[in-house]
>>> print(open('my_file02.tsv').read())   # TSV, C-alpha atoms
chain	number	residue	atom	x	y	z
A	34	MET	CA	0.00	0.00	0.00
A	35	LEU	CA	1.26	3.46	-0.88
A	36	VAL	CA	1.46	5.63	2.25
A	37	LEU	CA	1.53	9.42	1.97
A	38	THR	CA	1.52	12.08	4.67
A	39	ARG	CA	-0.72	15.09	4.07
A	40	ARG	CA	-1.83	18.14	6.06
A	41	PRO	CA	-5.25	19.81	6.03
A	42	ASN	CA	-5.97	21.48	2.67
A	43	GLN	CA	-3.42	19.29	0.94
A	44	SER	CA	-4.54	16.77	-1.68
A	45	ILE	CA	-3.56	13.67	-3.53
A	46	VAL	CA	-4.42	12.98	-7.17
A	47	ILE	CA	-5.38	9.50	-8.34
A	48	GLY	CA	-5.28	8.58	-11.99
A	49	GLY	CA	-5.38	12.21	-13.05
A	50	GLY	CA	-9.14	12.50	-12.59
A	51	ILE	CA	-9.68	11.94	-8.89
A	52	VAL	CA	-8.59	14.43	-6.23
A	53	VAL	CA	-8.79	13.61	-2.51
A	54	THR	CA	-8.31	16.59	-0.19
A	55	VAL	CA	-7.82	16.46	3.58
A	56	LEU	CA	-10.27	19.09	4.84
A	57	GLU	CA	-9.98	18.76	8.58
A	58	VAL	CA	-8.33	16.59	11.23
A	59	ARG	CA	-10.01	16.54	14.59
A	60	GLY	CA	-9.10	13.93	17.21
A	61	ASP	CA	-9.48	10.50	15.62
A	62	GLN	CA	-11.60	11.78	12.73
A	63	VAL	CA	-10.48	12.99	9.33
A	64	ARG	CA	-12.79	14.83	6.92
A	65	LEU	CA	-12.00	14.24	3.27
A	66	GLY	CA	-13.23	15.98	0.15
A	67	ILE	CA	-13.32	13.88	-3.02
A	68	LYS	CA	-13.60	15.12	-6.58
A	69	ALA	CA	-14.21	12.36	-9.10
A	70	PRO	CA	-15.62	11.98	-12.62
A	71	ARG	CA	-19.31	11.12	-12.66
A	72	ASP	CA	-18.72	7.53	-13.74
A	73	VAL	CA	-16.68	6.95	-10.58
A	74	ASP	CA	-18.80	6.08	-7.57
A	75	VAL	CA	-17.43	7.08	-4.17
A	76	HIS	CA	-18.70	5.38	-1.01
A	77	ARG	CA	-17.69	4.70	2.55
A	78	ASP	CA	-16.13	1.24	2.45
A	79	GLU	CA	-18.56	-0.42	4.91
A	80	VAL	CA	-21.62	1.09	3.18
A	81	TRP	CA	-20.30	-0.02	-0.20
A	82	ALA	CA	-19.95	-3.64	0.97
A	83	GLU	CA	-23.45	-3.67	2.45
A	84	LEU	CA	-24.98	-2.08	-0.62
A	85	GLN	CA	-23.38	-4.59	-2.98
A	86	GLN	CA	-24.69	-7.42	-0.85
A	87	ALA	CA	-28.19	-5.92	-0.72
A	88	ASN	CA	-28.25	-5.41	-4.49
A	89	ARG	CA	-27.13	-8.99	-5.12
A	90	ALA	CA	-29.90	-10.21	-2.82
A	91	ALA	CA	-32.44	-8.05	-4.68
A	92	ALA	CA	-31.35	-9.05	-8.19
A	93	LEU	CA	-33.37	-11.53	-10.25
A	94	PRO	CA	-36.60	-11.41	-8.26
A	95	ASP	CA	-38.66	-14.55	-8.67
A	96	ARG	CA	-41.72	-13.72	-10.79
A	97	SER	CA	-44.11	-15.80	-8.72
A	98	ALA	CA	-42.85	-14.07	-5.57
A	99	VAL	CA	-43.50	-10.71	-7.22
A	100	GLU	CA	-47.04	-11.86	-8.01
A	101	GLY	CA	-47.48	-12.72	-4.34
A	102	LEU	CA	-46.30	-9.25	-3.45
A	103	GLU	CA	-48.83	-7.66	-5.79
A	104	ARG	CA	-51.64	-9.79	-4.32
A	105	LEU	CA	-50.63	-8.77	-0.80
A	106	ARG	CA	-50.59	-5.10	-1.81
A	107	ARG	CA	-54.10	-5.32	-3.27
A	108	GLN	CA	-55.35	-6.83	-0.02
A	109	ARG	CA	-54.04	-3.74	1.76
A	110	PRO	CA	-55.44	-0.81	-0.18
A	111	ASP	CA	-53.94	1.61	2.32
A	112	ALA	CA	-50.45	0.58	1.23
B	181	MET	CA	-44.33	8.43	-29.64
B	182	SER	CA	-41.16	7.61	-31.53
B	183	THR	CA	-39.69	4.15	-31.37
B	184	MET	CA	-36.25	3.66	-29.89
B	185	THR	CA	-33.94	1.61	-32.03
B	186	ASP	CA	-31.70	-0.62	-29.99
B	187	THR	CA	-29.84	-3.58	-31.39
B	188	ASP	CA	-29.66	-5.40	-28.07
B	189	THR	CA	-33.34	-5.46	-27.23
B	190	ASP	CA	-36.74	-5.40	-28.74
B	191	LEU	CA	-38.14	-3.59	-25.71
B	192	ASP	CA	-39.86	-0.47	-26.92
B	193	VAL	CA	-38.90	1.62	-23.92
B	194	PRO	CA	-36.34	4.33	-23.36
B	195	ALA	CA	-33.15	3.24	-21.58
B	196	LEU	CA	-31.88	4.60	-18.30
B	197	HIS	CA	-28.14	5.20	-18.15
B	198	PHE	CA	-26.32	4.46	-14.89
B	199	ALA	CA	-22.94	6.10	-15.54
B	200	ALA	CA	-21.44	4.56	-12.40
B	201	GLY	CA	-23.24	1.21	-12.70
B	202	ILE	CA	-25.15	-0.34	-9.84
B	203	PRO	CA	-23.07	-1.43	-6.82
B	204	GLY	CA	-22.46	-5.18	-7.12
B	205	PHE	CA	-23.03	-5.03	-10.88
B	206	PRO	CA	-20.48	-2.52	-12.20
B	207	GLU	CA	-20.75	-3.67	-15.82
B	208	ALA	CA	-24.47	-3.03	-16.11
B	209	ARG	CA	-25.07	0.57	-17.12
B	210	GLN	CA	-28.06	0.57	-19.47
B	211	PHE	CA	-31.41	-0.49	-18.08
B	212	ALA	CA	-34.97	-0.51	-19.38
B	213	LEU	CA	-37.81	0.23	-16.99
B	214	VAL	CA	-40.77	-2.04	-17.68
B	215	TRP	CA	-44.14	-1.89	-15.96
B	216	TRP	CA	-44.98	-5.06	-14.16
B	217	GLY	CA	-48.19	-6.56	-12.87
B	218	ASP	CA	-51.53	-4.77	-12.77
B	219	GLU	CA	-52.04	-1.74	-14.94
B	220	ASP	CA	-52.62	0.35	-11.82
B	221	GLY	CA	-49.98	-1.47	-9.78
B	222	PRO	CA	-46.89	0.35	-8.55
B	223	PHE	CA	-44.23	-2.22	-9.45
B	224	SER	CA	-41.77	-2.01	-12.31
B	225	ILE	CA	-38.87	-4.19	-13.37
B	226	LEU	CA	-35.51	-2.62	-14.09
B	227	THR	CA	-33.98	-4.85	-16.76
B	228	SER	CA	-30.34	-4.73	-17.81
B	229	LEU	CA	-29.84	-4.21	-21.54
B	230	GLU	CA	-26.29	-5.55	-21.29
B	231	GLN	CA	-26.40	-8.38	-18.78
B	232	THR	CA	-29.13	-10.76	-19.91
B	233	GLY	CA	-31.43	-11.73	-17.09
B	234	LEU	CA	-30.25	-9.10	-14.61
B	235	GLU	CA	-33.38	-7.55	-13.15
B	236	PHE	CA	-34.48	-5.57	-10.14
B	237	LEU	CA	-37.97	-5.01	-8.81
B	238	VAL	CA	-38.53	-1.31	-8.16
B	239	VAL	CA	-41.37	0.76	-6.81
B	240	PRO	CA	-42.02	4.48	-6.29
B	241	PRO	CA	-41.37	4.86	-2.56
B	242	HIS	CA	-44.49	6.93	-1.76
B	243	THR	CA	-46.69	3.88	-2.40
B	244	PHE	CA	-45.38	2.18	0.72
B	245	PHE	CA	-43.51	4.94	2.52
B	246	PRO	CA	-45.57	8.14	2.22
B	247	ASP	CA	-43.29	10.04	4.62
B	248	TYR	CA	-40.10	9.19	2.76
B	249	ALA	CA	-38.65	12.43	1.41
B	250	PRO	CA	-34.93	11.96	0.83
B	251	GLU	CA	-32.65	14.86	0.09
B	252	VAL	CA	-30.16	14.39	-2.68
B	253	ASP	CA	-26.81	16.06	-2.04
B	254	ASP	CA	-25.48	18.79	-4.33
B	255	ASP	CA	-22.78	16.60	-5.80
B	256	THR	CA	-25.32	13.98	-6.90
B	257	ALA	CA	-27.68	16.63	-8.25
B	258	GLU	CA	-24.82	18.01	-10.30
B	259	ARG	CA	-23.77	14.56	-11.57
B	260	LEU	CA	-27.31	13.83	-12.72
B	261	GLY	CA	-27.93	17.35	-14.00
B	262	LEU	CA	-30.85	17.95	-11.64
B	263	ALA	CA	-31.75	21.61	-11.35
B	264	SER	CA	-34.77	21.02	-9.11
B	265	ALA	CA	-36.56	18.18	-7.33
B	266	ASP	CA	-39.14	18.15	-10.15
B	267	ASP	CA	-36.44	16.92	-12.55
B	268	ALA	CA	-36.01	13.72	-10.56
B	269	ILE	CA	-37.87	10.42	-10.55
B	270	LEU	CA	-37.38	8.40	-7.39
B	271	MET	CA	-37.55	4.62	-7.09
B	272	VAL	CA	-36.48	2.11	-4.47
B	273	ILE	CA	-35.24	-1.43	-5.05
B	274	VAL	CA	-37.38	-4.16	-3.50
B	275	THR	CA	-35.92	-7.41	-2.20
B	276	VAL	CA	-38.49	-10.19	-2.34
B	277	GLY	CA	-38.25	-12.52	0.63
B	278	ASP	CA	-39.32	-16.14	0.99
B	279	GLN	CA	-42.83	-14.93	1.78
B	280	PRO	CA	-44.44	-11.86	0.15
B	281	GLY	CA	-44.75	-10.33	3.62
B	282	ASP	CA	-40.96	-10.48	4.04
B	283	ALA	CA	-40.31	-8.05	1.18
B	284	THR	CA	-38.11	-5.06	1.98
B	285	ALA	CA	-37.19	-1.84	0.23
B	286	ASN	CA	-33.79	-0.17	0.18
B	287	LEU	CA	-34.48	3.31	1.53
B	288	LEU	CA	-30.81	4.01	2.21
B	289	ALA	CA	-29.90	3.96	-1.47
B	290	PRO	CA	-32.77	4.93	-3.78
B	291	ILE	CA	-32.49	5.13	-7.54
B	292	VAL	CA	-32.65	8.70	-8.78
B	293	VAL	CA	-33.36	9.38	-12.46
B	294	ASN	CA	-33.23	12.64	-14.35
B	295	ARG	CA	-36.59	12.48	-16.14
B	296	HIS	CA	-35.34	14.61	-19.03
B	297	THR	CA	-31.95	13.04	-19.77
B	298	ARG	CA	-32.58	9.57	-18.24
B	299	GLU	CA	-29.25	9.72	-16.44
B	300	ALA	CA	-29.62	7.57	-13.34
B	301	ALA	CA	-27.74	6.57	-10.21
B	302	GLN	CA	-28.22	4.55	-7.07
B	303	VAL	CA	-27.59	7.25	-4.49
B	304	VAL	CA	-26.46	6.52	-0.94
B	305	LEU	CA	-28.16	9.01	1.36
B	306	THR	CA	-25.78	10.18	4.03
B	307	GLU	CA	-28.35	12.03	6.13
B	308	GLY	CA	-31.17	10.57	8.17
B	309	ASP	CA	-29.88	7.10	9.07
B	310	LEU	CA	-32.25	5.39	6.61
B	311	PRO	CA	-32.71	1.59	6.53
B	312	LEU	CA	-31.19	-0.67	3.88
B	313	ARG	CA	-34.06	-3.13	4.47
B	314	ALA	CA	-37.37	-1.47	5.33
B	315	PRO	CA	-40.32	-3.92	5.43
B	316	LEU	CA	-42.90	-3.14	2.71
B	317	PHE	CA	-45.72	-4.51	4.85
B	318	ALA	CA	-44.99	-3.46	8.39
>>> encode(input="my_file02.tsv", output="structure tokens")
Amino acid sequence: MLVLTRRPNQSIVIGGGIVVTVLEVRGDQVRLGIKAPRDVDVHRDEVWAELQQANRAAALPDRSAVEGLERLRRQRPDA
Amino acid sequence: MSTMTDTDTDLDVPALHFAAGIPGFPEARQFALVWWGDEDGPFSILTSLEQTGLEFLVVPPHTFFPDYAPEVDDDTAERLGLASADDAILMVIVTVGDQPGDATANLLAPIVVNRHTREAAQVVLTEGDLPLRAPLFA
């Protein structure tokens, strides 16, 4: 892993198109600003892992299960 | 209405473009949104135009979560070219459980679409501590 030391308001550039700036260091927290092209998604690592897992679980819904969902919705007109 | 010509599909619907893909499926960027079920039903299927068989069940959140009013951050609005909230269409991905009553919706990361350009993204909301799995039928 490449290790760099930076101070607040200093940045690193990744691949020419991504700029990560240290905005603030306070205690054990660091605030970062990230500039990236719009086809580059930026997420907190733990959120990213959870989201991928949730999307994989949601993919390819079973059609008969979706029909069951629609029936259940119709039984609850308030929904 | 004019007919889209697309060599990969015979679906006569405009494609949504996810410039950053969908987390877990980075290669899938073009999706068609197809109504599903009853004519007056809320469900749609988001079908990949590149990855055959990749589908998600989506629903407008207000159908099941009338109080859900997420705020999209400025960076996302800029990425999608959204000048105002009226430019956006909001959908949430539904995970179907073993039983219909187990179904959940991802309120943490809704799908936001620019209704004019059809640029789309799954947006992680950083404010509000929203659930990744909210039961549809509480």
>>> interface_residues(input="my_file02.tsv", of="chain B", to="chain A", cutoff="7 Å", atoms="only C-alpha atoms", output="ChimeraX atom specification")
/B:199-200,203-204,234-237,243-244,259,274-276,280
>>> axis_aligned_box(input="my_file02.tsv", around="region 64-82 of chain A", padding_each_side="6 Å", output="lines of an AutoDock Vina configuration file")
center_x = -16.8
center_y = 6.2
center_z = -3.4
size_x = 21.6
size_y = 31.6
size_z = 32.7
>>> closest_residue(input="my_file02.tsv", among="B:Ala283, B:Asp218, B:Asp267, B:Ala300", to="Ala318 (chain B)", atoms="all atoms listed in the file")
B:Ala283
>>> atom_distance(input="my_file02.tsv", atom1="CA of Ile273 (chain B)", atom2="CA of Glu307 (chain B)")
18.8 Å
>>> residues_around(input="my_file02.tsv", residues="Ala265 (chain B)", least_positions_apart="3", cutoff="10 Å", atoms="all atoms listed in the file", output="VMD selection string")
chain B and resid 251 to 252 257 262 268 to 270 294
>>> atom_distance(input="my_file02.tsv", atom1="CA of Leu305 (chain B)", atom2="CA of Ala249 (chain B)")
11.0 Å
>>> build_atoms(input="my_file02.tsv", residues="region 284-301 of chain B", atoms="N, CA and C atoms", output="PDB file, in the coordinates of the input")
ATOM      1  N   THR B 284     -38.658  -6.305   1.434  1.00  0.00           N
ATOM      2  CA  THR B 284     -38.110  -5.060   1.980  1.00  0.00           C
ATOM      3  C   THR B 284     -37.720  -4.126   0.852  1.00  0.00           C
ATOM      4  N   ALA B 285     -37.633  -2.845   1.192  1.00  0.00           N
ATOM      5  CA  ALA B 285     -37.190  -1.840   0.230  1.00  0.00           C
ATOM      6  C   ALA B 285     -35.926  -1.178   0.745  1.00  0.00           C
ATOM      7  N   ASN B 286     -35.040  -0.834  -0.174  1.00  0.00           N
ATOM      8  CA  ASN B 286     -33.790  -0.170   0.180  1.00  0.00           C
ATOM      9  C   ASN B 286     -34.004   1.341   0.198  1.00  0.00           C
ATOM     10  N   LEU B 287     -34.250   1.869   1.404  1.00  0.00           N
ATOM     11  CA  LEU B 287     -34.480   3.310   1.530  1.00  0.00           C
ATOM     12  C   LEU B 287     -33.170   4.084   1.704  1.00  0.00           C
ATOM     13  N   LEU B 288     -32.108   3.348   2.045  1.00  0.00           N
ATOM     14  CA  LEU B 288     -30.810   4.010   2.210  1.00  0.00           C
ATOM     15  C   LEU B 288     -30.258   4.474   0.867  1.00  0.00           C
ATOM     16  N   ALA B 289     -30.501   3.663  -0.162  1.00  0.00           N
ATOM     17  CA  ALA B 289     -29.900   3.960  -1.470  1.00  0.00           C
ATOM     18  C   ALA B 289     -30.948   3.875  -2.573  1.00  0.00           C
ATOM     19  N   PRO B 290     -31.759   4.928  -2.720  1.00  0.00           N
ATOM     20  CA  PRO B 290     -32.770   4.930  -3.780  1.00  0.00           C
ATOM     21  C   PRO B 290     -32.136   5.132  -5.153  1.00  0.00           C
ATOM     22  N   ILE B 291     -32.922   4.843  -6.166  1.00  0.00           N
ATOM     23  CA  ILE B 291     -32.490   5.130  -7.540  1.00  0.00           C
ATOM     24  C   ILE B 291     -33.086   6.477  -7.931  1.00  0.00           C
ATOM     25  N   VAL B 292     -32.223   7.363  -8.369  1.00  0.00           N
ATOM     26  CA  VAL B 292     -32.650   8.700  -8.780  1.00  0.00           C
ATOM     27  C   VAL B 292     -32.415   8.822 -10.276  1.00  0.00           C
ATOM     28  N   VAL B 293     -33.447   9.255 -11.004  1.00  0.00           N
ATOM     29  CA  VAL B 293     -33.360   9.380 -12.460  1.00  0.00           C
ATOM     30  C   VAL B 293     -33.684  10.815 -12.857  1.00  0.00           C
ATOM     31  N   ASN B 294     -32.883  11.365 -13.746  1.00  0.00           N
ATOM     32  CA  ASN B 294     -33.230  12.640 -14.350  1.00  0.00           C
ATOM     33  C   ASN B 294     -34.269  12.362 -15.438  1.00  0.00           C
ATOM     34  N   ARG B 295     -35.485  12.849 -15.240  1.00  0.00           N
ATOM     35  CA  ARG B 295     -36.590  12.480 -16.140  1.00  0.00           C
ATOM     36  C   ARG B 295     -36.399  13.031 -17.551  1.00  0.00           C
ATOM     37  N   HIS B 296     -35.543  14.033 -17.705  1.00  0.00           N
ATOM     38  CA  HIS B 296     -35.340  14.610 -19.030  1.00  0.00           C
ATOM     39  C   HIS B 296     -34.217  13.903 -19.794  1.00  0.00           C
ATOM     40  N   THR B 297     -33.108  13.624 -19.087  1.00  0.00           N
ATOM     41  CA  THR B 297     -31.950  13.040 -19.770  1.00  0.00           C
ATOM     42  C   THR B 297     -31.858  11.519 -19.584  1.00  0.00           C
ATOM     43  N   ARG B 298     -32.600  10.989 -18.612  1.00  0.00           N
ATOM     44  CA  ARG B 298     -32.580   9.570 -18.240  1.00  0.00           C
ATOM     45  C   ARG B 298     -31.237   9.110 -17.683  1.00  0.00           C
ATOM     46  N   GLU B 299     -30.436  10.070 -17.215  1.00  0.00           N
ATOM     47  CA  GLU B 299     -29.250   9.720 -16.440  1.00  0.00           C
ATOM     48  C   GLU B 299     -29.726   9.250 -15.068  1.00  0.00           C
ATOM     49  N   ALA B 300     -29.136   8.154 -14.585  1.00  0.00           N
ATOM     50  CA  ALA B 300     -29.620   7.570 -13.340  1.00  0.00           C
ATOM     51  C   ALA B 300     -28.462   7.141 -12.453  1.00  0.00           C
ATOM     52  N   ALA B 301     -28.739   7.041 -11.161  1.00  0.00           N
ATOM     53  CA  ALA B 301     -27.740   6.570 -10.210  1.00  0.00           C
ATOM     54  C   ALA B 301     -28.426   5.980  -9.001  1.00  0.00           C
TER      55      ALA B 301
END
